[in-house]
file structure_35.txt (compact mmCIF, C-alpha atoms)
# COMPACT_ATOMS: atom_id res chain seq x y z
CA MET V 1 0.00 0.00 0.00
CA THR V 2 1.36 3.42 -0.91
CA THR V 3 0.20 6.75 0.46
CA ASP V 4 0.27 10.26 -0.96
CA THR V 5 3.60 10.81 0.71
CA THR V 6 5.30 7.71 -0.73
CA PRO V 7 8.01 8.82 -3.15
CA ILE V 8 7.30 8.06 -6.79
CA ALA V 9 9.20 5.05 -8.08
CA SER V 10 11.81 5.84 -10.73
CA ILE V 11 10.99 5.35 -14.40
CA GLU V 12 13.25 2.28 -14.49
CA GLN V 13 11.52 0.77 -11.47
CA ARG V 14 8.10 1.43 -12.97
CA LEU V 15 9.19 -0.14 -16.25
CA ASP V 16 10.64 -3.17 -14.47
CA ALA V 17 7.34 -3.59 -12.63
CA ILE V 18 5.21 -3.53 -15.76
CA GLN V 19 7.64 -5.80 -17.57
CA THR V 20 7.23 -8.30 -14.71
CA VAL V 21 3.45 -8.11 -15.10
CA LEU V 22 3.63 -8.78 -18.85
CA HIS V 23 6.09 -11.62 -18.23
CA ARG V 24 3.75 -13.21 -15.67
CA HIS V 25 1.02 -13.16 -18.31
CA GLY V 26 3.21 -15.09 -20.73
CA MET V 27 3.91 -12.26 -23.19
CA GLN V 28 7.71 -12.77 -23.28
CA PRO V 29 8.60 -9.08 -22.99
CA ALA V 30 12.39 -9.51 -22.91
CA GLU V 31 12.34 -11.22 -26.28
CA PHE V 32 10.03 -8.61 -27.74
CA ILE V 33 12.16 -5.70 -26.54
CA HIS V 34 15.03 -7.20 -28.50
CA THR V 35 12.87 -7.62 -31.61
CA PHE V 36 11.46 -4.12 -31.28
CA ASP V 37 14.89 -2.57 -30.84
CA GLU V 38 16.00 -4.10 -34.11
CA LEU V 39 12.84 -3.03 -35.95
CA ALA V 40 13.03 0.54 -34.67
CA HIS V 41 16.70 1.03 -35.43
CA GLU V 42 17.22 -1.04 -38.56
CA HIS V 43 13.92 -1.45 -40.39
CA TRP V 44 11.75 1.59 -39.62
CA VAL V 45 14.13 4.08 -41.16
CA PRO V 46 13.64 7.20 -43.29
CA ALA V 47 15.64 5.50 -46.05
CA ASN V 48 12.40 3.59 -46.79
CA GLY V 49 10.51 6.78 -47.58
CA ALA V 50 13.52 8.30 -49.32
CA GLY V 51 13.71 5.25 -51.59
CA LEU V 52 10.04 5.62 -52.53
CA ILE V 53 10.53 9.29 -53.38
CA ALA V 54 13.74 8.74 -55.36
CA ARG V 55 12.04 6.04 -57.40
CA ALA V 56 9.04 8.31 -58.01
CA TRP V 57 11.35 11.08 -59.22
CA THR V 58 12.80 8.78 -61.86
CA ASP V 59 9.78 6.60 -62.74
CA PRO V 60 6.57 8.48 -63.74
CA VAL V 61 4.43 5.34 -63.54
CA PHE V 62 5.55 4.64 -59.99
CA LYS V 63 5.11 8.30 -59.08
CA GLN V 64 1.52 8.13 -60.26
CA LEU V 65 0.94 5.01 -58.16
CA LEU V 66 2.57 6.56 -55.09
CA LEU V 67 0.40 9.68 -55.37
CA THR V 68 -2.87 7.88 -56.05
CA ASP V 69 -2.59 4.62 -54.08
CA GLY V 70 0.18 4.90 -51.51
CA MET V 71 -0.59 1.52 -49.94
CA ALA V 72 -0.17 -0.24 -53.29
CA ALA V 73 3.12 1.59 -53.88
CA ILE V 74 4.39 0.52 -50.46
CA ARG V 75 3.53 -3.10 -51.16
CA GLU V 76 5.15 -2.97 -54.57
CA ALA V 77 8.33 -1.64 -52.97
CA GLY V 78 8.32 -4.51 -50.47
CA LEU V 79 7.53 -2.27 -47.49
CA SER V 80 4.64 -2.52 -45.03
CA MET V 81 2.66 -0.60 -42.44
CA PRO V 82 0.93 -1.83 -39.26
CA SER V 83 -2.51 -3.29 -39.87
CA HIS V 84 -4.31 -0.34 -38.25
CA HIS V 85 -2.81 2.05 -40.81
CA ARG V 86 -5.05 1.53 -43.81
CA HIS V 87 -4.31 4.58 -45.91
CA PHE V 88 -1.03 6.15 -46.97
CA VAL V 89 -1.19 9.56 -48.60
CA VAL V 90 1.82 11.13 -50.28
CA LEU V 91 1.73 14.93 -50.56
CA GLU V 92 3.58 16.43 -53.49
CA ASN V 93 5.42 19.69 -53.00
CA THR V 94 5.59 22.05 -55.96
CA ALA V 95 7.13 25.47 -56.46
CA ASP V 96 3.86 26.98 -55.20
CA ILE V 97 2.68 24.45 -52.61
CA HIS V 98 4.50 23.27 -49.52
CA ASN V 99 3.14 20.43 -47.37
CA VAL V 100 4.04 19.75 -43.75
CA ILE V 101 2.72 17.02 -41.46
CA CYS V 102 2.04 16.94 -37.73
CA CYS V 103 -0.08 15.26 -35.06
CA THR V 104 -1.58 17.82 -32.69
CA LEU V 105 -3.23 15.16 -30.49
CA CYS V 106 -0.29 12.80 -29.98
CA SER V 107 2.54 11.70 -32.28
CA CYS V 108 1.06 9.72 -35.19
CA THR V 109 3.41 9.16 -38.13
CA ALA V 110 4.02 6.65 -40.90
CA PHE V 111 6.80 5.30 -38.70
CA THR V 112 7.58 2.18 -40.70
CA ILE V 113 8.21 4.39 -43.75
CA ILE V 114 9.79 7.59 -42.41
CA GLY V 115 11.07 6.30 -39.06
CA LEU V 116 9.75 6.91 -35.56
CA PRO V 117 9.06 10.59 -34.97
CA PRO V 118 11.84 12.82 -33.61
CA ASP V 119 11.53 14.60 -30.24
CA TRP V 120 10.55 17.97 -31.63
CA TYR V 121 7.65 16.42 -33.60
CA LYS V 122 6.21 15.04 -30.35
CA ASP V 123 6.89 18.14 -28.27
CA LEU V 124 4.27 20.62 -27.15
CA ALA V 125 5.67 23.55 -29.14
CA TYR V 126 5.48 21.91 -32.57
CA ARG V 127 2.09 20.31 -31.94
CA SER V 128 0.50 23.52 -30.68
CA ARG V 129 2.02 25.98 -33.12
CA VAL V 130 2.43 24.43 -36.55
CA VAL V 131 -1.30 24.40 -37.39
CA ARG V 132 -1.70 28.05 -36.45
CA GLU V 133 1.57 29.72 -37.43
CA ALA V 134 3.18 27.32 -39.86
CA ARG V 135 5.18 29.90 -41.75
CA THR V 136 6.86 31.22 -38.61
CA VAL V 137 7.49 27.75 -37.22
CA LEU V 138 9.08 26.62 -40.48
CA ARG V 139 11.21 29.77 -40.63
CA GLU V 140 12.41 29.18 -37.08
CA MET V 141 13.33 25.65 -38.11
CA GLY V 142 15.40 26.95 -41.00
CA LEU V 143 12.91 26.86 -43.86
CA ASP V 144 12.08 30.36 -45.07
CA LEU V 145 9.40 29.91 -47.73
CA PRO V 146 8.66 32.59 -50.33
CA ALA V 147 5.57 34.64 -49.50
CA HIS V 148 3.69 33.26 -52.52
CA THR V 149 4.11 29.61 -51.45
CA GLN V 150 0.84 28.15 -50.19
CA ILE V 151 1.36 26.11 -47.00
CA ARG V 152 -0.73 23.02 -46.36
CA VAL V 153 -0.54 21.54 -42.87
CA TRP V 154 -1.70 17.95 -42.44
CA ASP V 155 -2.88 16.98 -38.93
CA THR V 156 -2.72 13.20 -38.46
CA THR V 157 -5.92 12.81 -36.45
CA ALA V 158 -7.01 9.42 -37.82
CA ASP V 159 -5.09 6.33 -38.90
CA THR V 160 -4.38 7.70 -42.35
CA ARG V 161 -0.64 8.33 -42.58
CA TYR V 162 1.14 11.00 -44.58
CA MET V 163 4.53 11.59 -46.17
CA VAL V 164 5.73 14.64 -48.07
CA MET V 165 7.19 14.26 -51.56
CA PRO V 166 9.89 16.94 -51.81
CA GLN V 167 10.63 18.61 -55.13
CA ARG V 168 13.52 17.07 -56.99
CA PRO V 169 16.43 19.48 -56.77
CA ALA V 170 17.84 21.00 -59.95
CA GLY V 171 21.10 19.62 -61.26
CA THR V 172 20.45 16.03 -60.24
CA ASP V 173 19.75 14.60 -63.70
CA GLY V 174 22.72 12.26 -63.74
CA LEU V 175 22.16 10.76 -60.31
CA SER V 176 21.07 7.17 -59.67
CA THR V 177 18.02 6.47 -57.49
CA ASP V 178 20.35 5.51 -54.63
CA GLN V 179 22.21 8.79 -54.95
CA LEU V 180 18.92 10.68 -55.09
CA ALA V 181 17.58 8.84 -52.04
CA ALA V 182 20.67 9.85 -50.09
CA LEU V 183 19.66 13.50 -50.55
CA ILE V 184 16.29 13.03 -48.86
CA SER V 185 16.19 13.60 -45.10
CA LYS V 186 13.54 12.65 -42.56
CA ASP V 187 12.90 16.38 -42.06
CA ALA V 188 12.13 16.71 -45.78
CA LEU V 189 9.68 13.76 -45.59
CA ILE V 190 7.92 15.49 -42.67
CA GLY V 191 7.99 18.79 -44.53
CA VAL V 192 10.09 20.98 -42.25
CA ALA V 193 12.91 21.11 -44.79
CA ARG V 194 13.27 21.38 -48.54
CA ILE V 195 16.09 19.81 -50.49
CA MET C 1 -12.45 15.03 -23.89
CA ASP C 2 -11.09 18.56 -23.78
CA GLY C 3 -7.81 17.32 -22.34
CA MET C 4 -4.34 18.75 -22.07
CA HIS C 5 -3.23 16.65 -25.03
CA ASP C 6 -5.41 18.64 -27.45
CA LEU C 7 -2.71 21.15 -28.26
CA GLY C 8 -3.48 22.44 -31.76
CA GLY C 9 -3.60 26.25 -31.67
CA LYS C 10 -2.70 26.62 -27.99
CA GLN C 11 -0.46 29.62 -27.44
CA GLY C 12 2.45 30.44 -25.22
CA PHE C 13 4.88 27.72 -26.23
CA GLY C 14 8.32 28.79 -27.32
CA LYS C 15 10.46 27.80 -30.26
CA VAL C 16 10.48 24.23 -31.47
CA GLN C 17 13.62 22.57 -30.12
CA HIS C 18 14.58 21.37 -33.54
CA GLN C 19 17.66 19.28 -34.05
CA PRO C 20 18.43 17.90 -37.53
CA ASN C 21 18.81 14.12 -37.53
CA ALA C 22 17.55 13.96 -33.95
CA PRO C 23 17.90 10.48 -32.46
CA VAL C 24 14.61 8.63 -31.94
CA PHE C 25 15.61 7.27 -28.52
CA HIS C 26 17.91 8.77 -25.90
CA ALA C 27 18.13 5.92 -23.41
CA PRO C 28 17.49 2.17 -23.40
CA TRP C 29 14.48 2.60 -21.11
CA GLU C 30 12.72 4.58 -23.85
CA VAL C 31 13.05 1.64 -26.23
CA ARG C 32 11.65 -0.63 -23.52
CA ALA C 33 8.68 1.66 -22.89
CA ASN C 34 7.83 1.77 -26.58
CA ALA C 35 8.34 -1.98 -26.99
CA LEU C 36 6.22 -2.94 -23.98
CA TYR C 37 3.14 -0.97 -24.96
CA SER C 38 3.48 -2.24 -28.54
CA LEU C 39 3.68 -5.77 -27.16
CA ALA C 40 0.52 -5.28 -25.11
CA VAL C 41 -1.30 -4.04 -28.23
CA LYS C 42 0.05 -6.97 -30.24
CA CYS C 43 -1.14 -9.41 -27.56
CA GLY C 44 -4.61 -7.86 -27.56
CA VAL C 45 -4.50 -6.41 -24.03
CA PHE C 46 -5.75 -3.12 -25.46
CA ASN C 47 -6.03 -1.31 -28.79
CA MET C 48 -4.36 1.90 -29.98
CA ASP C 49 -7.45 4.01 -29.25
CA GLU C 50 -7.50 2.79 -25.66
CA TYR C 51 -3.76 3.47 -25.48
CA ARG C 52 -4.15 7.04 -26.73
CA HIS C 53 -7.09 7.70 -24.44
CA ALA C 54 -5.22 6.54 -21.33
CA ILE C 55 -2.52 9.12 -22.14
CA GLU C 56 -5.20 11.79 -22.55
CA ARG C 57 -6.59 10.84 -19.12
CA MET C 58 -3.35 11.75 -17.32
CA THR C 59 -3.86 14.83 -15.16
CA PRO C 60 -2.69 17.96 -16.99
CA GLN C 61 0.08 18.46 -14.43
CA HIS C 62 1.37 14.96 -15.02
CA TYR C 63 0.93 15.14 -18.80
CA LEU C 64 2.92 18.37 -19.09
CA SER C 65 5.73 17.32 -16.79
CA ALA C 66 6.15 13.78 -18.14
CA SER C 67 8.46 12.99 -21.02
CA TYR C 68 6.95 11.36 -24.10
CA TYR C 69 7.90 7.85 -23.06
CA GLU C 70 6.78 8.38 -19.48
CA ARG C 71 3.35 9.06 -20.97
CA SER C 72 3.59 5.76 -22.88
CA LEU C 73 4.51 3.94 -19.71
CA THR C 74 1.70 5.58 -17.71
CA SER C 75 -0.87 4.59 -20.32
CA LEU C 76 0.42 1.01 -20.42
CA ALA C 77 0.38 0.67 -16.63
CA THR C 78 -3.07 2.27 -16.30
CA LEU C 79 -4.56 -0.08 -18.87
CA CYS C 80 -2.92 -3.16 -17.30
CA VAL C 81 -4.64 -2.21 -14.03
CA GLU C 82 -7.98 -1.45 -15.69
CA LYS C 83 -7.86 -4.70 -17.66
CA GLY C 84 -7.20 -6.68 -14.48
CA LEU C 85 -3.64 -7.87 -15.22
CA VAL C 86 -2.45 -6.37 -11.95
CA THR C 87 -3.85 -4.16 -9.19
CA ALA C 88 -2.57 -0.64 -8.58
CA ASP C 89 -1.27 -1.72 -5.18
CA GLU C 90 0.61 -4.71 -6.60
CA LEU C 91 2.13 -2.47 -9.23
CA ALA C 92 3.34 0.02 -6.60
CA GLN C 93 4.73 -2.83 -4.57
CA LEU C 94 6.58 -4.25 -7.57
CA ALA C 95 8.00 -0.82 -8.36
CA GLY C 96 8.96 -0.12 -4.76
CA GLY C 97 7.28 3.27 -4.69
CA ALA C 98 4.25 5.27 -5.75
CA TYR C 99 3.12 4.54 -9.33
CA PRO C 100 1.20 7.45 -10.88
CA LEU C 101 -1.60 6.35 -13.18
CA ALA C 102 -4.11 8.15 -15.41
CA MET C 103 -7.53 9.28 -14.20
CA PRO C 104 -10.59 7.02 -14.69
CA SER C 105 -12.39 7.07 -18.00
CA ALA C 106 -15.73 8.72 -18.72
CA LEU C 107 -18.30 6.84 -20.81
CA GLY C 108 -17.67 6.34 -24.50
CA ARG C 109 -20.21 6.78 -27.26
CA HIS C 110 -21.32 4.98 -30.40
CA ASN C 111 -21.11 6.12 -34.03
CA HIS C 112 -23.47 8.99 -34.76
CA ALA C 113 -26.98 7.70 -35.47
CA ASN C 114 -27.44 9.96 -38.49
CA ARG C 115 -24.18 9.65 -40.30
CA MET C 116 -24.11 11.19 -43.75
CA ALA C 117 -21.84 10.26 -46.62
CA PHE C 118 -19.97 13.09 -48.31
CA LEU C 119 -18.31 13.60 -51.66
CA PRO C 120 -15.24 15.58 -52.63
CA GLY C 121 -16.21 19.24 -52.91
CA ASP C 122 -18.96 19.02 -50.28
CA LEU C 123 -19.02 21.81 -47.73
CA VAL C 124 -19.18 20.39 -44.22
CA ARG C 125 -19.30 21.60 -40.65
CA VAL C 126 -17.79 19.82 -37.68
CA ARG C 127 -20.55 19.07 -35.19
CA ASP C 128 -20.49 21.32 -32.15
CA GLU C 129 -20.26 18.49 -29.67
CA HIS C 130 -18.47 18.22 -26.35
CA VAL C 131 -17.49 14.64 -25.69
CA ALA C 132 -16.47 13.43 -22.23
CA GLY C 133 -14.69 10.31 -23.49
CA HIS C 134 -12.16 9.73 -26.23
CA VAL C 135 -12.57 11.72 -29.42
CA ARG C 136 -10.22 12.26 -32.38
CA MET C 137 -11.65 15.64 -33.29
CA PRO C 138 -9.11 18.29 -32.33
CA GLY C 139 -10.87 21.11 -30.46
CA TYR C 140 -9.73 23.73 -32.96
CA ILE C 141 -12.09 22.40 -35.67
CA ARG C 142 -15.20 22.07 -33.50
CA GLY C 143 -18.11 23.91 -35.11
CA LYS C 144 -15.89 25.04 -37.99
CA HIS C 145 -16.56 24.54 -41.67
CA GLY C 146 -14.36 23.15 -44.39
CA VAL C 147 -14.42 21.40 -47.73
CA VAL C 148 -14.14 17.66 -48.31
CA ILE C 149 -11.14 16.79 -50.46
CA SER C 150 -11.20 12.99 -50.35
CA GLN C 151 -12.31 9.94 -48.41
CA SER C 152 -10.24 7.24 -46.67
CA PRO C 153 -10.94 3.53 -46.19
CA VAL C 154 -13.07 2.77 -43.11
CA TYR C 155 -11.70 2.63 -39.56
CA PRO C 156 -13.24 1.63 -36.22
CA PHE C 157 -14.94 4.66 -34.63
CA PRO C 158 -12.45 5.77 -31.97
CA ASP C 159 -15.02 7.23 -29.55
CA ALA C 160 -16.39 3.69 -29.13
CA HIS C 161 -13.21 1.71 -29.80
CA ALA C 162 -11.35 3.43 -26.93
CA HIS C 163 -14.06 2.39 -24.48
CA GLY C 164 -14.66 -1.25 -25.29
CA LEU C 165 -17.92 -0.44 -27.05
CA HIS C 166 -18.87 -1.92 -30.40
CA ALA C 167 -17.24 0.39 -32.92
CA GLN C 168 -18.72 0.38 -36.40
CA ASP C 169 -16.17 1.09 -39.08
CA GLU C 170 -16.62 4.41 -40.83
CA PRO C 171 -14.59 6.50 -43.28
CA THR C 172 -12.67 9.61 -42.44
CA TYR C 173 -12.69 12.56 -44.78
CA ASP C 174 -9.75 14.73 -45.66
CA VAL C 175 -11.30 18.09 -44.84
CA ARG C 176 -9.51 21.31 -45.75
CA PHE C 177 -9.94 24.25 -43.37
CA GLU C 178 -8.57 27.76 -43.75
CA ALA C 179 -6.39 28.73 -40.79
CA ASN C 180 -7.91 32.23 -40.83
CA HIS C 181 -11.35 30.70 -40.35
CA LEU C 182 -10.18 28.42 -37.53
CA TRP C 183 -8.61 31.37 -35.67
CA PRO C 184 -10.11 34.58 -37.11
CA GLN C 185 -7.52 37.38 -37.08
CA GLY C 186 -5.34 35.03 -35.09
CA ALA C 187 -3.50 32.76 -37.50
CA GLU C 188 -1.04 32.85 -40.35
CA ASP C 189 -2.41 32.07 -43.78
CA ALA C 190 -2.40 28.31 -44.43
CA GLN C 191 -4.68 25.45 -45.32
CA VAL C 192 -5.09 22.94 -42.52
CA HIS C 193 -6.08 19.43 -43.54
CA VAL C 194 -7.63 17.21 -40.88
CA ALA C 195 -8.75 13.57 -41.20
CA VAL C 196 -12.27 13.81 -39.76
CA PHE C 197 -14.47 10.83 -38.90
CA GLU C 198 -17.85 10.79 -40.63
CA SER C 199 -19.70 10.88 -37.28
CA TYR C 200 -18.14 14.26 -36.50
CA LEU C 201 -19.46 15.93 -39.65
CA GLU C 202 -22.67 17.45 -40.89
CA ARG C 203 -23.53 19.04 -44.20
CA LEU C 204 -23.14 22.79 -44.29
CA THR C 205 -26.42 24.27 -45.47
call {"tool": "encode", "arguments": {"input": "structure_35.txt", "output": "structure tokens"}}
result
Amino acid sequence: MTTDTTPIASIEQRLDAIQTVLHRHGMQPAEFIHTFDELAHEHWVPANGAGLIARAWTDPVFKQLLLTDGMAAIREAGLSMPSHHRHFVVLENTADIHNVICCTLCSCTAFTIIGLPPDWYKDLAYRSRVVREARTVLREMGLDLPAHTQIRVWDTTADTRYMVMPQRPAGTDGLSTDQLAALISKDALIGVARI
Amino acid sequence: MDGMHDLGGKQGFGKVQHQPNAPVFHAPWEVRANALYSLAVKCGVFNMDEYRHAIERMTPQHYLSASYYERSLTSLATLCVEKGLVTADELAQLAGGAYPLAMPSALGRHNHANRMAFLPGDLVRVRDEHVAGHVRMPGYIRGKHGVVISQSPVYPFPDAHAHGLHAQDEPTYDVRFEANHLWPQGAEDAQVHVAVFESYLERLT
């Protein structure tokens, strides 16, 4: 029994406790932590999204598929999303339109495609401000968009997931898809950077 | 619920602490926290809507002071207690100290009885409803109007799904709102797209 004056257990202690509970119920948490660690660090990486974009830049048929049926494009590329994500929407930047994604309610992202979200995406400042003062937020983050560029902010409030398709930079005609993919950062796939 | 988590449009926060190529995890315990709640979802202890709602039910003081992965852990622990895997006292005993959990849940609700289907181009208004339980309508669009751009595949209705009620699947609509309509004279020019469940919408007449 704890009282209001009992000190709060440390994060590690609280985690150990819940891990014990899951273990007692036969869920094999230690094994899953190992599996998850590998997935998060080696499989759910922004290189997945970058590869999709680089291929779309060089293959008009694939680009069309990616923009009209993102789930089909993911499958064709041998990638996957969790079963509760049923819709993948790719947002094409142009000279006049800039897209940026967020989740004001929590931290939803297409994490198997662009990687788990970075700290700042989950923090209070980004979530509160980007829907209301996107231009200023982007400028503070190093992206100063021309005044004529229309900004579209996408709030991930359902289980539809988004990814931004950056504009292909000029002077990259001779590059292979691998070289192109290497130019594409996670920030660009979220829409807080251009390439 | 009008909880602390519903941050869109709230003012007073400072600059985004942006770091290019920010690491996803900073300590091994963060990986464990993420893995353990994912495992509980995978094993069917609870679903993602229940998980999100248990974070939303943290007291505002706790929500604001907790790190992201402490929120994950708090939701996981709260739901393990509510689902009967362990009692709150046992959990505190195992942890060797007090174990803060989220507040109890209010009642959920079913899909709207008079759902309407919409087509791209339709003008819609977000119903002016105040929901005590889980809801995926950010407060900043409540009562506001927008235009339907497209429709998604169907999903379980979160307001029911987060509460163990039968959740009929329904589509969400990509609805485009003008920031200057959401916050008149109080926003920078932009189009804000929100994925809005059908039950939250009515036709603008």
call {"tool": "closest_atom_pairs", "arguments": {"input": "structure_35.txt", "of": "chain C", "to": "chain V", "cutoff": "6 Å", "atoms": "only C-alpha atoms", "output": "tab-separated table"}}
result
residue	atom	partner	partner_atom	distance
C:His5	CA	V:Leu105	CA	5.7
C:Asp6	CA	V:Leu105	CA	5.1
C:Leu7	CA	V:Ser128	CA	4.7
C:Gly8	CA	V:Ser128	CA	4.3
C:Gly9	CA	V:Ser128	CA	5.0
C:Lys10	CA	V:Ser128	CA	5.2
C:Phe13	CA	V:Ala125	CA	5.1
C:Val16	CA	V:Ala125	CA	5.4
C:Gln17	CA	V:Trp120	CA	5.7
C:His18	CA	V:Trp120	CA	5.6
C:Ala22	CA	V:Pro118	CA	5.8
C:Val24	CA	V:Pro118	CA	5.3
C:Arg32	CA	V:Ile33	CA	5.9
C:Ala35	CA	V:Ile33	CA	5.4
C:Asp89	CA	V:Met1	CA	5.6
C:Leu94	CA	V:Ala17	CA	5.2
C:Ala95	CA	V:Gln13	CA	5.0
C:Gly97	CA	V:Ala9	CA	4.3
C:Ala98	CA	V:Ile8	CA	4.3
C:Arg136	CA	V:Thr157	CA	5.9
C:Ala187	CA	V:Arg132	CA	5.2
C:Glu188	CA	V:Glu133	CA	5.0
C:Ala190	CA	V:Ile151	CA	5.1
C:Gln191	CA	V:Arg152	CA	4.8
C:Val192	CA	V:Val153	CA	4.8
C:His193	CA	V:Trp154	CA	4.8
C:Val194	CA	V:Asp155	CA	5.1
C:Ala195	CA	V:Thr157	CA	5.6
call {"tool": "residues_near_point", "arguments": {"input": "structure_35.txt", "point": "(-11.3, 31.8, -36.4)", "cutoff": "12 Å", "atoms": "all atoms listed in the file", "output": "ChimeraX atom specification"}}
result
/V:132 /C:9,140-145,177-189
call {"tool": "atom_distance", "arguments": {"input": "structure_35.txt", "atom1": "atom CA of Glu50 of chain C", "atom2": "atom CA of Tyr99 of chain C"}}
result
19.6 Å
call {"tool": "closest_residue", "arguments": {"input": "structure_35.txt", "among": "V:Pro46, V:Phe62, V:Gly191, V:Met165", "to": "Glu92 of chain V", "atoms": "all atoms listed in the file"}}
result
V:Met165
call {"tool": "atom_distance", "arguments": {"input": "structure_35.txt", "atom1": "atom CA of Ala73 of chain V", "atom2": "atom CA of Pro169 of chain V"}}
result
22.5 Å
call {"tool": "residues_around", "arguments": {"input": "structure_35.txt", "residues": "Ile53 of chain V", "least_positions_apart": "3", "cutoff": "8 Å", "atoms": "only C-alpha atoms", "output": "number ranges by chain"}}
result
V: 49-50, 56-57, 63, 165-166, 181
call {"tool": "atom_distance", "arguments": {"input": "structure_35.txt", "atom1": "atom CA of Asp2 of chain C", "atom2": "atom CA of Leu201 of chain C"}}
result
18.1 Å
call {"tool": "residues_around", "arguments": {"input": "structure_35.txt", "residues": "segment 156-167 of chain C", "least_positions_apart": "4", "cutoff": "7 Å", "atoms": "only C-alpha atoms", "output": "PDB file with C-alpha atoms, keeping the file's coordinate frame"}}
result
ATOM      1  CA  ASP C  49      -7.450   4.010 -29.250  1.00  0.00           C
ATOM      2  CA  GLU C  50      -7.500   2.790 -25.660  1.00  0.00           C
ATOM      3  CA  HIS C  53      -7.090   7.700 -24.440  1.00  0.00           C
ATOM      4  CA  GLY C 108     -17.670   6.340 -24.500  1.00  0.00           C
ATOM      5  CA  ARG C 109     -20.210   6.780 -27.260  1.00  0.00           C
ATOM      6  CA  HIS C 110     -21.320   4.980 -30.400  1.00  0.00           C
ATOM      7  CA  ASN C 111     -21.110   6.120 -34.030  1.00  0.00           C
ATOM      8  CA  GLY C 133     -14.690  10.310 -23.490  1.00  0.00           C
ATOM      9  CA  HIS C 134     -12.160   9.730 -26.230  1.00  0.00           C
ATOM     10  CA  VAL C 135     -12.570  11.720 -29.420  1.00  0.00           C
ATOM     11  CA  ARG C 136     -10.220  12.260 -32.380  1.00  0.00           C
TER      12      ARG C 136
END
call {"tool": "closest_residue", "arguments": {"input": "structure_35.txt", "among": "C:Leu64, C:Ala102, C:Ala54, C:Ala92", "to": "Tyr37 of chain C", "atoms": "all atoms listed in the file"}}
result
C:Ala54
call {"tool": "closest_residue", "arguments": {"input": "structure_35.txt", "among": "C:Glu70, C:Asp169, C:Asp128, C:Glu202", "to": "Pro153 of chain C", "atoms": "all atoms listed in the file"}}
result
C:Asp169
call {"tool": "residues_near_point", "arguments": {"input": "structure_35.txt", "point": "(3.2, 0.6, -28.3)", "cutoff": "10 Å", "atoms": "all atoms listed in the file", "output": "list in words"}}
result
Phe36 of chain V; Arg32, Ala33, Asn34, Ala35, Leu36, Tyr37, Ser38, Leu39, Ala40, Val41, Lys42, Asn47, Met48, Tyr51, Arg52, Ser72, Leu73, Ser75 and Leu76 of chain C
